[in-house]
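Since the structure comes first, as structure tokens, the remarks are kept for the end.
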Amino acid sequence: MPEGRVQRRLAAILAADVAGYSRLMGADEVGTARTLREHRAVTVPLVAKHGGRIVKTTGDGVLLEFPSVVDAVEYAVAVQTVMAQRNEGIPEDRRMLFRIGINLGDILIEGEDILGDGVNVAARLEGIAQRGGICISSSAYEQVHGKVNAEFTDLGEHSLKNISRPIRAYAVGLTANADRLVSSPYLQLPACPSWCCRSRILVAIPSKTISLMV
């Protein structure tokens with residue numbers, strides 16, 4: 001490529017975090033760190049399984065890139081399905097639930113890092129996702145509708161912080177057979193390496209169903 005030319009590509013960006021992580025750490029720092037490490041032992045292998053890569057981790061958060069937005073949404077559904085199972089029987093105030101935001105957009109490439117508006121939108125969608133929820137942009141919805149085993153709810157347009165234009169968002173709801181995306185070995189994995197406990201993951205609970213793949 002010509003010297004000085006900015007490198008770009010179209011990609012599916014997934015931003016995620018742990019809802020209420022500061023509160024959980026305040027209540028039990030050691031136990032929360034251990035629990036996150038155990039959950040990451042399950043979710044980290046699913047990234048590669050769905051063709052994605054970990055761009056970077058920040059505290060309890062993670063930024064992922066996928067060449068396919070279908071793969072990104074299927075990864076998110078798989079993660080939230082596993083987490084719902086792993087949180088069964090745990091008191092509500094001690095549950096570790098992820099919020100996930102996904103956008104399909106143009107990104108800037110800087111070494112192994114990714115930058116730009118496409119990344120910022122994904123991060124802001126994470127912020128409006130419910131606990132245990134997935135929130136995707138309209139650009140992502142247009143590509144995955146009818147291709148992913150999930151239900152979608154139109155949340156309307158949102159004015160997101162530092163985003164110059166309104167973004168139409170969709171909540172992604174899990175279906176009864178969403179667990180087909182997760183094979184049983186992912187429920188019983190050894191502890192992950194020390195770096196992955198710094199990650200965080202981004203699915204929202206729908207109020208009305210507008211589409212269901214069958």
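In the structure tokens, each chain is lettered A, B, ... as it comes, each chain's residues begin at 1, and ligands are numbered from 1 in order of appearance.
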Check: Can you list, as JSON, numbers by chain, every protein, DNA or RNA residue that comes within 9 Å of range 109-120 of chain A when you count only C-alpha atoms, leaving out same-chain residues fewer than 4 positions away?
Finding: {"A": [6, 7, 8, 9, 10, 11, 12, 13, 14, 15, 55, 56, 63, 65, 102, 103, 104, 105, 124, 125, 162, 163]}
Serialized selection, C-alpha atoms, as a PDB file, in the first residue's frame:
```pdb
ATOM      1  CA  VAL A   6      -4.468   4.754   6.163  1.00  0.00           C
ATOM      2  CA  GLN A   7      -5.353   1.053   6.226  1.00  0.00           C
ATOM      3  CA  ARG A   8      -9.033   0.240   6.654  1.00  0.00           C
ATOM      4  CA  ARG A   9     -11.324  -2.752   6.498  1.00  0.00           C
ATOM      5  CA  LEU A  10     -14.932  -3.668   7.081  1.00  0.00           C
ATOM      6  CA  ALA A  11     -15.389  -5.820  10.191  1.00  0.00           C
ATOM      7  CA  ALA A  12     -17.798  -6.916  12.877  1.00  0.00           C
ATOM      8  CA  ILE A  13     -16.761  -5.394  16.195  1.00  0.00           C
ATOM      9  CA  LEU A  14     -17.889  -6.785  19.539  1.00  0.00           C
ATOM     10  CA  ALA A  15     -17.436  -4.891  22.799  1.00  0.00           C
ATOM     11  CA  VAL A  55      -8.045  -7.221  19.975  1.00  0.00           C
ATOM     12  CA  LYS A  56      -7.460  -6.063  23.530  1.00  0.00           C
ATOM     13  CA  LEU A  63     -12.826  -5.861  22.349  1.00  0.00           C
ATOM     14  CA  GLU A  65     -13.061  -8.512  15.899  1.00  0.00           C
ATOM     15  CA  ILE A 102     -21.984  -5.473  18.212  1.00  0.00           C
ATOM     16  CA  ASN A 103     -21.546  -3.234  15.185  1.00  0.00           C
ATOM     17  CA  LEU A 104     -20.675  -3.829  11.546  1.00  0.00           C
ATOM     18  CA  GLY A 105     -18.571  -0.956  10.309  1.00  0.00           C
ATOM     19  CA  ARG A 124     -21.747   2.558  23.059  1.00  0.00           C
ATOM     20  CA  LEU A 125     -24.166  -0.248  22.192  1.00  0.00           C
ATOM     21  CA  ASN A 162     -19.767  11.004  21.102  1.00  0.00           C
ATOM     22  CA  ILE A 163     -21.557   9.514  18.078  1.00  0.00           C
TER      23      ILE A 163
END
```
Item checked: Residue set, range 6-196 of chain A restricted to strand (DSSP E or B), as JSON, numbers by chain -> {"A": [8, 9, 10, 11, 12, 13, 14, 15, 16, 17, 18, 53, 54, 55, 56, 57, 58, 61, 62, 63, 64, 65, 66, 98, 99, 100, 101, 102, 103, 104, 105, 106, 107, 108, 109, 110, 113, 114, 115, 134, 135, 136, 137, 150, 151, 152, 153, 154, 155, 156, 157, 158, 167, 168, 169, 170, 171, 172, 173, 174]}
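Here CA of Gly31 in chain A and CA of Ala48 in chain A stand 27.3 Å from one another.
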Next item on the list: Write out as a list in words which residues come within 7 Å of His158 in chain A when counting only C-alpha atoms, dropping same-chain ones fewer than 5 positions away.
Entry: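 Near His158 in chain A, the qualifying residues are Pro166, Ile167 and Arg168 of chain A.
Nearest-residue note for Ala150 in chain A: choosing from A:Glu88, A:Glu126, A:Glu74, A:Asp28, the minimum distance belongs to A:Glu74, counting only C-alpha atoms.
With CA of Gly132 in chain A on one side and CA of Thr81 in chain A on the other, the separation reads 9.4 Å.
Counting from CA of Ala129 in chain A, the distance to CA of Gly101 in chain A is 6.8 Å.
The nearest approach to Ile100 in chain A among the residues A:Val62, A:Val69, A:Val144, A:Val44, with only C-alpha atoms taken into account, belongs to A:Val62.
Nearest residue to Lys147 in chain A, choosing from A:Leu97, A:Ala33, A:Val73, A:Ala41 and counting only C-alpha atoms: A:Val73.
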Note to self: Applying 9 Å and only C-alpha atoms, which residues near Ile128 in chain A remain after dropping the ones on its own chain fewer than 5 positions away? List them as a list in words.
What the structure shows: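 Neighbouring residues, sequence-local ones excluded: Arg99, Gly101, Cys135, Leu160 and Ala204 of chain A.
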Margin query: Ranking A:Phe98, A:Tyr75, A:Phe66, A:Tyr170 by minimum distance to Gly156 in chain A and counting only C-alpha atoms, which one comes first?
Written below: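 Checking each of A:Phe98, A:Tyr75, A:Phe66, A:Tyr170 against Gly156 in chain A, counting only C-alpha atoms, the winner is A:Tyr170.
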Note to self: Could you check the closest approach to Ala78 in chain A for each of A:Thr35, A:Thr43, A:Thr58, A:Thr153 and tell me which residue wins, using only C-alpha atoms?
What the structure shows: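 Result for the nearest residue to Ala78 in chain A: A:Thr43.
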